[in-house]
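coords.txt (compact mmCIF, C-alpha atoms and all ligand atoms)
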```
# COMPACT_ATOMS: atom_id res chain seq x y z
CA MET A 1 -61.31 -27.69 -4.82
CA SER A 2 -64.35 -26.56 -2.88
CA PHE A 3 -64.26 -24.48 0.29
CA ASN A 4 -66.88 -26.41 2.22
CA ILE A 5 -64.95 -27.79 5.12
CA ILE A 6 -65.95 -26.46 8.53
CA ASN A 7 -63.28 -25.34 10.96
CA PRO A 8 -63.25 -28.14 13.54
CA THR A 9 -61.68 -26.05 16.28
CA GLY A 10 -64.50 -23.49 16.09
CA ILE A 11 -62.21 -20.63 17.10
CA GLU A 12 -64.19 -17.42 17.28
CA LYS A 13 -63.51 -14.06 15.66
CA LYS A 14 -62.34 -15.48 12.38
CA SER A 15 -64.01 -15.01 9.07
CA ALA A 16 -65.43 -18.16 7.54
CA MET A 17 -62.69 -18.06 4.90
CA GLU A 18 -59.95 -17.69 7.51
CA ALA A 19 -61.35 -20.56 9.53
CA VAL A 20 -61.58 -22.79 6.47
CA GLN A 21 -58.09 -21.91 5.34
CA GLU A 22 -56.60 -22.56 8.75
CA ALA A 23 -58.24 -25.94 9.13
CA ASN A 24 -57.10 -27.04 5.71
CA TYR A 25 -53.80 -25.32 5.24
CA LYS A 26 -51.90 -28.45 4.28
CA VAL A 27 -54.51 -29.48 1.73
CA LEU A 28 -54.66 -25.97 0.32
CA ASP A 29 -50.87 -25.66 0.21
CA LYS A 30 -50.63 -28.91 -1.72
CA ALA A 31 -53.49 -27.93 -4.01
CA PHE A 32 -52.37 -24.42 -4.90
CA ILE A 33 -48.63 -24.07 -4.37
CA ALA A 34 -46.19 -25.42 -6.93
CA ASN A 35 -44.75 -28.69 -5.71
CA THR A 36 -41.18 -27.48 -5.37
CA TYR A 37 -40.84 -27.59 -1.58
CA GLY A 38 -40.91 -30.54 0.79
CA ARG A 39 -42.45 -28.78 3.78
CA LEU A 40 -41.65 -29.73 7.35
CA ASP A 41 -44.80 -30.33 9.37
CA VAL A 42 -45.08 -26.95 11.05
CA CYS A 43 -46.93 -23.73 10.22
CA PHE A 44 -45.38 -20.67 11.88
CA VAL A 45 -47.69 -17.78 12.58
CA LYS A 46 -45.66 -15.31 14.64
CA GLY A 47 -42.49 -14.71 16.57
CA LYS A 48 -40.31 -12.32 18.51
CA GLY A 49 -36.53 -12.25 18.34
CA SER A 50 -35.33 -15.86 18.23
CA THR A 51 -38.67 -17.27 19.40
CA LEU A 52 -41.21 -18.62 16.92
CA TYR A 53 -44.78 -19.81 17.52
CA ASP A 54 -46.72 -22.23 15.36
CA ASN A 55 -50.46 -22.27 14.70
CA ASN A 56 -51.04 -24.43 17.78
CA GLY A 57 -49.29 -21.96 20.04
CA LYS A 58 -46.22 -24.18 20.42
CA LYS A 59 -43.01 -22.26 21.06
CA TYR A 60 -39.69 -22.83 19.28
CA ILE A 61 -36.19 -21.42 19.55
CA ASP A 62 -35.04 -20.44 16.08
CA LEU A 63 -31.52 -21.46 15.00
CA GLY A 64 -32.29 -21.01 11.29
CA SER A 65 -33.47 -17.39 10.94
CA GLY A 66 -35.31 -18.22 7.73
CA ILE A 67 -32.06 -19.49 6.12
CA GLY A 68 -29.92 -16.66 7.43
CA VAL A 69 -32.37 -13.89 6.57
CA THR A 70 -33.82 -12.45 9.78
CA ALA A 71 -30.43 -11.18 10.89
CA PHE A 72 -31.79 -9.56 14.05
CA GLY A 73 -34.62 -12.01 14.62
CA ILE A 74 -38.35 -11.88 14.05
CA ASN A 75 -40.17 -8.58 14.49
CA ASP A 76 -37.05 -6.84 15.75
CA GLU A 77 -38.21 -3.50 17.16
CA VAL A 78 -35.74 -1.19 15.41
CA TRP A 79 -36.18 -2.93 12.06
CA SER A 80 -39.99 -3.13 12.33
CA GLN A 81 -40.31 0.54 13.19
CA ALA A 82 -38.11 1.65 10.28
CA VAL A 83 -40.06 -0.57 7.88
CA ILE A 84 -43.46 0.63 9.17
CA ASP A 85 -42.37 4.27 8.94
CA GLN A 86 -41.19 3.75 5.38
CA VAL A 87 -44.36 1.84 4.37
CA GLN A 88 -46.38 4.83 5.51
CA LYS A 89 -44.12 7.37 3.80
CA LEU A 90 -43.27 5.91 0.39
CA ASN A 91 -43.41 2.23 -0.53
CA HIS A 92 -42.24 2.35 -4.15
CA VAL A 93 -41.58 4.67 -7.08
CA SER A 94 -39.03 2.71 -9.20
CA ASN A 95 -35.47 3.54 -10.18
CA LEU A 96 -36.55 6.31 -12.54
CA TYR A 97 -36.24 8.60 -9.52
CA TYR A 98 -33.99 9.28 -6.54
CA THR A 99 -35.07 7.74 -3.23
CA MET A 100 -33.36 8.45 0.08
CA PRO A 101 -33.23 5.01 1.80
CA GLN A 102 -31.40 3.48 -1.17
CA ILE A 103 -28.80 6.26 -1.18
CA GLU A 104 -28.34 6.01 2.58
CA LEU A 105 -27.87 2.24 2.38
CA ALA A 106 -25.40 2.32 -0.53
CA SER A 107 -23.29 4.99 1.10
CA LYS A 108 -23.19 3.03 4.38
CA ILE A 109 -22.15 -0.15 2.59
CA CYS A 110 -19.36 1.68 0.72
CA GLU A 111 -18.21 3.44 3.87
CA LYS A 112 -18.01 0.17 5.82
CA THR A 113 -16.45 -2.00 3.10
CA GLY A 114 -14.34 0.38 1.03
CA MET A 115 -16.20 -0.73 -2.08
CA LYS A 116 -17.12 2.09 -4.46
CA LYS A 117 -20.58 1.42 -5.89
CA VAL A 118 -23.65 -0.75 -5.26
CA PHE A 119 -26.34 -2.17 -7.54
CA PHE A 120 -29.53 -3.27 -5.76
CA SER A 121 -31.68 -6.23 -6.77
CA ASN A 122 -34.12 -8.54 -4.99
CA SER A 123 -32.44 -11.88 -4.34
CA GLY A 124 -29.17 -13.75 -4.18
CA ALA A 125 -29.52 -15.20 -7.65
CA GLU A 126 -30.10 -11.73 -9.10
CA ALA A 127 -27.15 -10.29 -7.18
CA ASN A 128 -25.02 -13.02 -8.78
CA GLU A 129 -26.52 -12.43 -12.24
CA CYS A 130 -25.44 -8.81 -11.89
CA ALA A 131 -21.96 -9.87 -10.74
CA ILE A 132 -21.64 -12.25 -13.70
CA LYS A 133 -22.82 -9.64 -16.21
CA ALA A 134 -20.37 -7.08 -14.82
CA ALA A 135 -17.46 -9.55 -14.75
CA ARG A 136 -18.04 -10.44 -18.39
CA LYS A 137 -18.52 -6.84 -19.48
CA TYR A 138 -15.32 -5.72 -17.74
CA SER A 139 -13.33 -8.24 -19.71
CA ILE A 140 -15.21 -7.92 -23.00
CA ASP A 141 -14.87 -4.12 -22.97
CA LYS A 142 -11.12 -4.45 -22.43
CA TYR A 143 -10.12 -7.65 -24.26
CA GLY A 144 -12.89 -8.50 -26.73
CA LYS A 145 -15.96 -10.69 -26.71
CA ASP A 146 -14.27 -14.11 -26.40
CA ARG A 147 -12.90 -13.41 -22.94
CA ASN A 148 -16.08 -14.37 -21.08
CA VAL A 149 -15.51 -17.59 -19.15
CA ILE A 150 -16.00 -17.64 -15.38
CA ILE A 151 -14.40 -20.29 -13.21
CA THR A 152 -16.40 -21.40 -10.18
CA LEU A 153 -15.75 -24.15 -7.66
CA GLU A 154 -17.09 -27.66 -7.44
CA ASN A 155 -19.66 -28.02 -4.66
CA SER A 156 -20.58 -24.32 -4.93
CA PHE A 157 -24.08 -22.88 -4.98
CA HIS A 158 -24.86 -19.62 -6.74
CA GLY A 159 -28.63 -19.62 -7.31
CA ARG A 160 -31.58 -20.99 -9.27
CA THR A 161 -31.75 -18.96 -12.46
CA ILE A 162 -30.48 -20.72 -15.58
CA THR A 163 -27.21 -18.77 -15.49
CA THR A 164 -26.57 -19.09 -11.76
CA LEU A 165 -27.35 -22.81 -12.04
CA SER A 166 -24.65 -22.96 -14.71
CA ALA A 167 -22.32 -21.21 -12.28
CA THR A 168 -23.23 -23.69 -9.54
CA GLY A 169 -20.63 -26.47 -9.41
CA GLN A 170 -22.89 -29.38 -8.51
CA ASP A 171 -24.18 -31.79 -11.16
CA VAL A 172 -27.46 -32.37 -9.32
CA PHE A 173 -28.42 -28.83 -10.35
CA HIS A 174 -27.57 -29.44 -14.00
CA GLN A 175 -30.60 -31.55 -14.89
CA HIS A 176 -33.91 -30.80 -16.60
CA PHE A 177 -33.40 -27.26 -17.84
CA PHE A 178 -31.23 -27.46 -20.93
CA PRO A 179 -29.69 -25.56 -22.55
CA PHE A 180 -27.77 -23.96 -19.69
CA THR A 181 -25.82 -20.71 -20.12
CA PRO A 182 -22.37 -21.53 -21.50
CA GLY A 183 -19.17 -19.97 -20.25
CA PHE A 184 -18.64 -21.60 -16.84
CA LEU A 185 -15.87 -23.97 -15.79
CA HIS A 186 -15.74 -25.75 -12.45
CA THR A 187 -12.62 -26.70 -10.51
CA PRO A 188 -12.14 -28.37 -7.10
CA ALA A 189 -12.02 -26.09 -4.04
CA ASN A 190 -8.64 -25.74 -2.31
CA ASP A 191 -6.64 -27.10 -5.26
CA LEU A 192 -4.58 -24.15 -6.43
CA ALA A 193 -2.50 -26.26 -8.85
CA LYS A 194 -5.61 -27.41 -10.72
CA LEU A 195 -7.06 -23.91 -10.78
CA THR A 196 -3.77 -22.50 -12.08
CA ALA A 197 -3.60 -25.14 -14.81
CA LEU A 198 -7.17 -24.34 -15.85
CA VAL A 199 -6.43 -20.62 -16.04
CA GLU A 200 -3.17 -21.19 -17.95
CA SER A 201 -4.85 -23.45 -20.50
CA ASN A 202 -7.84 -21.20 -21.13
CA PRO A 203 -7.34 -17.75 -22.67
CA HIS A 204 -11.07 -17.03 -22.44
CA VAL A 205 -11.26 -16.85 -18.64
CA CYS A 206 -12.38 -13.46 -17.29
CA ALA A 207 -13.16 -14.11 -13.61
CA ILE A 208 -13.07 -16.53 -10.69
CA MET A 209 -16.13 -16.69 -8.46
CA ILE A 210 -16.13 -18.17 -4.95
CA GLU A 211 -18.17 -18.46 -1.76
CA PRO A 212 -15.80 -17.85 1.19
CA ILE A 213 -17.69 -20.64 2.98
CA GLN A 214 -19.64 -22.99 0.71
CA GLY A 215 -23.01 -22.80 2.40
CA GLU A 216 -25.45 -25.07 0.58
CA GLY A 217 -22.45 -27.31 -0.17
CA GLY A 218 -22.24 -28.27 3.52
CA VAL A 219 -20.75 -25.24 5.31
CA MET A 220 -17.23 -25.75 3.95
CA PRO A 221 -14.86 -22.82 4.55
CA LEU A 222 -12.25 -22.38 1.84
CA GLU A 223 -8.60 -22.68 2.92
CA GLN A 224 -6.66 -19.46 3.55
CA ASP A 225 -3.81 -20.34 1.20
CA PHE A 226 -6.19 -21.24 -1.60
CA VAL A 227 -8.14 -17.98 -1.38
CA LYS A 228 -4.97 -15.93 -1.16
CA GLY A 229 -3.30 -17.82 -4.02
CA LEU A 230 -6.42 -17.64 -6.15
CA THR A 231 -6.61 -13.89 -5.69
CA GLN A 232 -2.93 -13.39 -6.53
CA LEU A 233 -3.29 -15.56 -9.62
CA ALA A 234 -6.41 -13.71 -10.75
CA HIS A 235 -4.98 -10.26 -10.24
CA SER A 236 -1.73 -11.15 -12.03
CA LYS A 237 -3.82 -11.84 -15.14
CA ASP A 238 -6.47 -9.14 -14.72
CA LEU A 239 -9.13 -11.74 -13.96
CA LEU A 240 -11.78 -10.46 -11.57
CA VAL A 241 -12.31 -12.02 -8.16
CA VAL A 242 -16.05 -12.28 -7.57
CA VAL A 243 -17.15 -13.23 -4.06
CA ASP A 244 -20.64 -14.63 -3.52
CA GLU A 245 -21.54 -13.39 -0.04
CA VAL A 246 -25.24 -14.15 -0.32
CA GLN A 247 -25.04 -16.35 2.77
CA THR A 248 -21.72 -15.34 4.35
CA GLY A 249 -22.36 -11.60 4.17
CA ASN A 250 -23.77 -9.04 6.58
CA GLY A 251 -22.10 -10.22 9.77
CA ARG A 252 -22.91 -13.92 9.46
CA THR A 253 -19.32 -15.22 9.88
CA GLY A 254 -18.28 -12.77 12.60
CA LYS A 255 -16.85 -10.35 10.03
CA LEU A 256 -18.90 -7.81 8.10
CA TYR A 257 -18.39 -9.88 4.92
CA GLY A 258 -17.03 -13.41 4.75
CA TYR A 259 -14.07 -12.45 2.56
CA MET A 260 -12.79 -10.33 5.46
CA ASN A 261 -11.80 -13.59 7.16
CA PHE A 262 -9.26 -13.89 4.36
CA ASP A 263 -6.62 -11.36 3.49
CA ILE A 264 -8.04 -10.43 0.08
CA GLU A 265 -9.67 -7.56 -1.78
CA PRO A 266 -12.40 -8.75 -4.15
CA ASP A 267 -13.41 -6.88 -7.30
CA ILE A 268 -17.10 -7.69 -7.09
CA VAL A 269 -19.16 -8.84 -4.08
CA SER A 270 -22.74 -10.11 -4.19
CA THR A 271 -25.01 -10.43 -1.18
CA ALA A 272 -28.66 -10.94 -0.21
CA LYS A 273 -30.16 -13.19 2.53
CA GLY A 274 -29.52 -11.22 5.76
CA LEU A 275 -29.04 -7.85 4.06
CA ALA A 276 -32.52 -6.43 4.67
CA GLY A 277 -33.30 -8.44 7.82
CA GLY A 278 -36.28 -10.31 6.36
CA LEU A 279 -37.26 -8.40 3.25
CA PRO A 280 -36.20 -9.48 -0.24
CA MET A 281 -33.11 -7.59 -1.29
CA GLY A 282 -29.93 -8.39 -3.18
CA ALA A 283 -26.92 -6.19 -3.75
CA THR A 284 -23.76 -6.29 -5.83
CA PHE A 285 -20.77 -4.19 -4.78
CA PHE A 286 -18.03 -2.96 -7.10
CA ASN A 287 -14.51 -1.81 -6.25
CA GLU A 288 -12.41 0.94 -7.81
CA LYS A 289 -11.59 -1.22 -10.84
CA THR A 290 -15.14 -2.41 -11.62
CA GLN A 291 -17.25 0.53 -10.47
CA LEU A 292 -17.89 1.96 -13.94
CA VAL A 293 -18.39 -1.31 -15.83
CA LEU A 294 -22.17 -1.26 -15.63
CA ASP A 295 -23.16 1.92 -17.40
CA GLY A 296 -26.36 3.57 -18.57
CA GLY A 297 -28.96 1.01 -19.61
CA SER A 298 -26.69 -2.03 -19.21
CA HIS A 299 -28.56 -3.35 -16.18
CA GLY A 300 -31.66 -2.55 -14.16
CA SER A 301 -34.38 -3.73 -11.81
CA THR A 302 -37.94 -2.51 -11.21
CA PHE A 303 -38.00 -3.40 -7.53
CA GLY A 304 -34.25 -3.18 -6.82
CA GLY A 305 -33.43 -0.87 -3.92
CA ASN A 306 -37.10 -0.53 -3.05
CA PRO A 307 -37.44 2.06 -0.23
CA ILE A 308 -39.04 -0.38 2.24
CA CYS A 309 -36.32 -3.01 1.81
CA ALA A 310 -33.62 -0.34 1.89
CA ALA A 311 -35.04 1.23 5.07
CA GLY A 312 -34.99 -2.20 6.74
CA ALA A 313 -31.46 -2.86 5.51
CA VAL A 314 -30.17 0.45 6.88
CA THR A 315 -31.15 -0.68 10.39
CA ILE A 316 -29.22 -3.91 9.89
CA MET A 317 -26.11 -2.21 8.49
CA ASN A 318 -26.15 0.33 11.33
CA ARG A 319 -25.97 -2.44 13.91
CA LEU A 320 -23.21 -4.54 12.34
CA THR A 321 -20.69 -2.92 14.67
CA ASP A 322 -17.37 -4.41 15.79
CA ASP A 323 -18.98 -5.27 19.14
CA LEU A 324 -21.83 -7.13 17.48
CA LEU A 325 -19.43 -8.96 15.18
CA ASP A 326 -17.30 -10.01 18.18
CA GLU A 327 -20.47 -11.33 19.80
CA VAL A 328 -21.25 -13.35 16.67
CA ALA A 329 -17.74 -14.84 16.76
CA SER A 330 -17.94 -15.70 20.46
CA LYS A 331 -21.39 -17.26 20.17
CA GLY A 332 -20.08 -19.37 17.29
CA ALA A 333 -17.13 -20.42 19.44
CA TYR A 334 -19.55 -21.31 22.26
CA ILE A 335 -21.58 -23.56 19.94
CA LYS A 336 -18.45 -25.31 18.67
CA GLU A 337 -17.17 -25.83 22.19
CA GLN A 338 -20.52 -27.32 23.24
CA LEU A 339 -20.78 -29.71 20.30
CA VAL A 340 -17.28 -30.81 19.31
CA GLY A 341 -16.50 -34.26 20.68
CA THR A 342 -19.97 -34.93 22.08
CA LYS A 343 -21.99 -38.07 21.41
CA GLY A 344 -23.21 -38.38 17.83
CA VAL A 345 -21.22 -35.38 16.56
CA LYS A 346 -18.49 -36.19 14.04
CA SER A 347 -17.31 -32.65 13.30
CA VAL A 348 -18.33 -28.99 13.30
CA SER A 349 -17.37 -26.65 10.46
CA GLY A 350 -17.92 -22.97 9.71
CA LEU A 351 -17.27 -19.55 11.17
CA GLY A 352 -19.25 -17.26 13.44
CA LEU A 353 -22.94 -18.12 13.36
CA MET A 354 -22.72 -20.11 10.14
CA LEU A 355 -22.05 -23.66 11.31
CA GLY A 356 -22.34 -27.15 9.88
CA ILE A 357 -22.55 -30.18 12.17
CA GLU A 358 -21.67 -33.57 10.78
CA THR A 359 -23.73 -36.04 12.79
CA GLU A 360 -23.84 -39.83 12.97
CA ALA A 361 -27.61 -39.60 12.45
CA GLU A 362 -29.18 -38.35 9.23
CA PRO A 363 -29.60 -34.54 9.24
CA LYS A 364 -33.29 -34.90 8.38
CA ASP A 365 -33.84 -37.04 11.49
CA VAL A 366 -32.03 -34.47 13.65
CA ILE A 367 -34.15 -31.68 12.16
CA ALA A 368 -37.42 -33.55 12.80
CA LYS A 369 -36.46 -34.46 16.36
CA CYS A 370 -35.35 -30.91 17.16
CA LEU A 371 -38.58 -29.52 15.73
CA ASP A 372 -40.53 -31.89 17.93
CA LYS A 373 -38.54 -30.62 20.94
CA GLY A 374 -39.06 -26.99 19.96
CA VAL A 375 -35.81 -26.07 18.21
CA VAL A 376 -35.57 -25.03 14.56
CA VAL A 377 -32.40 -26.13 12.74
CA LEU A 378 -31.52 -26.45 9.03
CA SER A 379 -29.52 -28.83 6.88
CA ALA A 380 -26.92 -28.33 4.17
CA LYS A 381 -26.01 -31.43 2.21
CA ASN A 382 -24.80 -34.01 4.76
CA LYS A 383 -24.71 -31.57 7.69
CA VAL A 384 -27.08 -30.06 10.22
CA ARG A 385 -26.74 -26.33 9.60
CA LEU A 386 -27.16 -23.52 12.12
CA LEU A 387 -27.76 -19.91 11.06
CA PRO A 388 -29.27 -18.27 14.16
CA ALA A 389 -30.08 -14.58 14.40
CA LEU A 390 -26.87 -12.57 14.96
CA ASN A 391 -28.31 -11.20 18.22
CA ILE A 392 -29.80 -14.44 19.56
CA PRO A 393 -29.97 -14.02 23.36
CA GLN A 394 -27.33 -16.13 25.13
CA GLU A 395 -29.97 -17.90 27.25
CA ASP A 396 -31.98 -18.90 24.16
CA LEU A 397 -28.81 -20.14 22.51
CA GLU A 398 -27.81 -22.20 25.55
CA GLU A 399 -31.26 -23.76 25.86
CA ALA A 400 -31.44 -24.58 22.14
CA ILE A 401 -27.93 -26.04 21.98
CA ALA A 402 -28.64 -28.24 25.01
CA ILE A 403 -31.74 -29.60 23.25
CA LEU A 404 -29.87 -30.03 19.95
CA LYS A 405 -27.08 -31.90 21.74
CA GLU A 406 -29.57 -34.24 23.35
CA CYS A 407 -31.38 -34.84 20.07
CA ILE A 408 -28.10 -35.66 18.28
CA ALA A 409 -26.93 -37.95 21.11
CA ASN A 410 -30.16 -39.91 21.30
CA LEU A 411 -30.87 -40.68 17.66
C1 LIG A 501 -29.02 -18.67 -1.02
C2 LIG A 501 -27.86 -18.47 -1.91
C3 LIG A 501 -28.02 -18.01 -3.23
C4 LIG A 501 -29.37 -17.79 -3.85
O1 LIG A 501 -30.09 -16.78 -3.22
P1 LIG A 501 -31.65 -16.57 -3.56
O2 LIG A 501 -32.03 -15.36 -2.77
O3 LIG A 501 -32.38 -17.80 -3.15
O4 LIG A 501 -31.73 -16.34 -5.04
C5 LIG A 501 -26.88 -17.75 -3.97
N1 LIG A 501 -25.64 -17.95 -3.45
C6 LIG A 501 -25.46 -18.40 -2.20
C7 LIG A 501 -24.07 -18.57 -1.68
C8 LIG A 501 -26.56 -18.68 -1.39
O5 LIG A 501 -26.36 -19.14 -0.14
```

As structure tokens, what does this structure read like?
Amino acid sequence: MSFNIINPTGIEKKSAMEAVQEANYKVLDKAFIANTYGRLDVCFVKGKGSTLYDNNGKKYIDLGSGIGVTAFGINDEVWSQAVIDQVQKLNHVSNLYYTMPQIELASKICEKTGMKKVFFSNSGAEANECAIKAARKYSIDKYGKDRNVIITLENSFHGRTITTLSATGQDVFHQHFFPFTPGFLHTPANDLAKLTALVESNPHVCAIMIEPIQGEGGVMPLEQDFVKGLTQLAHSKDLLVVVDEVQTGNGRTGKLYGYMNFDIEPDIVSTAKGLAGGLPMGATFFNEKTQLVLDGGSHGSTFGGNPICAAGAVTIMNRLTDDLLDEVASKGAYIKEQLVGTKGVKSVSGLGLMLGIETEAEPKDVIAKCLDKGVVVLSAKNKVRLLPALNIPQEDLEEAIAILKECIANL
């Protein structure tokens, strides 16, 4: 690859390298970035709140928030200031030492959830790896090394590492990378009889792991009775209930954590995506029973709980108030009300600002058309998925939903 292509737009005040890179970004992306992503034809360069701008200056309303990550939008003032302040104070020292933002964040999380301890990592998959390690260790410490099997649900998604792929209950993810980590069993969601039979027939089970709403699986909320029954079953046999809140956590569903929509108390909770408002951070929470399972040297992370990410996350946690959560719920209700029963919409699933729209048209066609009309939406399996910023202004939301509705109706 040679860098000899002249910037055709001739925009001033750019270095030659910048100009070349901008003119050829698609070629360069294809040449130098591993071919794992099918990119949509847009290059975002900046934004504010729920507004994004591409490299041609075109404006978009964002209903995706970077897959549920920028919880308070792009370049949110409070978040940006806290992150900038922390960058200038102390960016990293590792977990060999105490750092204040991490302590502040963990204590806030425990205060708000009633959980007892937090382990910080850098992504959803890592938060789940930690949850899986802790669930196994709890049981192995107490009952011996054979009690190590974790039951997860069909159609679940738990991450991209070899172990979290094993946990993921979708065969499409079980190709190419053999051998996968053993010790996972999958059972259909919302079938308590099948789950019970699986538990009864397998003395090696140590935990049951669920997403309160299966996100990547098509925004499928679990049924109340199933979650309640599953928890009762698990706790009657000292199996841990592990809740993957990577997507449903941090206010997304209109509750602080998705499990709070169900009347249960999990033993271990993992989260990531929206936690630090746009910086990479994962976290695993432990309750009274599991808080001491991970002990000295049994787990660790170089970057985990990094002061910059933690400082950003504190500003998110601080603003997940009851008022904000009510707003999330009412905006979700508004979207449902606007879309249910309209032309081209078959159904709408989900809670709060985590919604899946089953459309007559292919989701990918809806996404492309919306993008063309200046609205960013996502997909999840056979659905169009919406994960807007929790504080998306009502007028932006109304404008975007009107456009989305029109796109769905006219495909
Ligand atoms: C996104 C997601 C993950 C994986 O998170 P990464 O940060 O991409 O590793 C795991 N579980 C659920 C439920 C998710 O939505």

Next item on the list: Work out how far atom CA of A:Lys228 is from atom CA of A:Phe285, in Å to one decimal.
Entry: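 Atom-to-atom, atom CA of A:Phe285 and atom CA of A:Lys228 are spaced 20.0 Å apart.
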
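Among the candidates A:His158, A:Arg147, A:Arg136, A:Lys331, the one nearest to ligand LIG 501 (chain A) when counting only C-alpha atoms and all ligand atoms is A:His158.
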
Next item on the list: Find the residues around A:Glu211 up to 8 Å (only C-alpha atoms counted), leave out those fewer than 2 positions away in its own chain, and share them as a list in words.
Entry: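 Listed by chain and then number, they are Ser156, Met209, Ile213, Gln214, Gly215, Leu222, Val243, Asp244, Glu245 and Thr248 of chain A.
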
Next item on the list: Go through A:Leu386, A:Gly305, A:Asp323, A:Gln394 and flag the residue nearest A:Val93, using only C-alpha atoms for the distances.
Entry: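 Ranked by minimum distance to A:Val93, first place goes to A:Gly305.
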
Margin query: Using all atoms listed in the file for the distances, tell me which of A:Leu195, A:Val345, A:Ile210, A:Val241 is nearest to A:Thr168.
Written below: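 Once distances to A:Thr168 are computed over all atoms listed in the file, the minimum belongs to A:Ile210.
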
Margin query: Taking 4 positions as the minimum chain separation for residues in the same chain, which residues sit within 12 Å of A:Val172 when counting only C-alpha atoms? Answer as a PyMOL selection string.
Written below: chain A and resi 154-157+165-166+168+176-177+217+381

To box stretch 91-109 of chain A, take all atoms listed in the file, fit an axis-aligned box, add 4 Å on each side, and give centre and edge lengths in Å to one decimal, as AutoDock Vina command-line options.
```
--center_x -32.8 --center_y 4.6 --center_z -4.1 --size_x 29.3 --size_y 17.4 --size_z 24.9
```

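Interatomic distance, atom CA of A:Glu77 against atom CA of A:Tyr25: 29.3 Å.
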
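Separating atom CA of A:Ser80 from atom CA of A:Gly64 is a distance of 19.5 Å.
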
Check: Need the neighbours of (-30.4, -4.9, 2.4): which residues are at most 10 Å away, counting all atoms listed in the file, as a PyMOL selection string?
Finding: chain A and resi 102+105-106+109+120-123+250+271-283+305-306+308-317

Checklist line | Pick from A:Ala125, A:Ile367, A:Ala197, A:Ala135, whichever lies nearest to ligand LIG 501 (chain A) using all atoms listed in the file | finding: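 Checking each candidate against ligand LIG 501 (chain A), we get A:Ala125 as the closest.
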
Check: Nearest to ligand LIG 501 (chain A) among A:Leu325, A:Val375, A:Leu292, A:Val246, with distances taken over only C-alpha atoms and all ligand atoms: which residue is it?
Finding: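 Distance minimum relative to ligand LIG 501 (chain A) lands on A:Val246.
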
Notebook entry, point to check: What's the 10 Å shell around A:Ser298, counting only C-alpha atoms, without same-chain residues fewer than 6 positions away, as a PyMOL selection string?
Noted result: chain A and resi 133-134+137
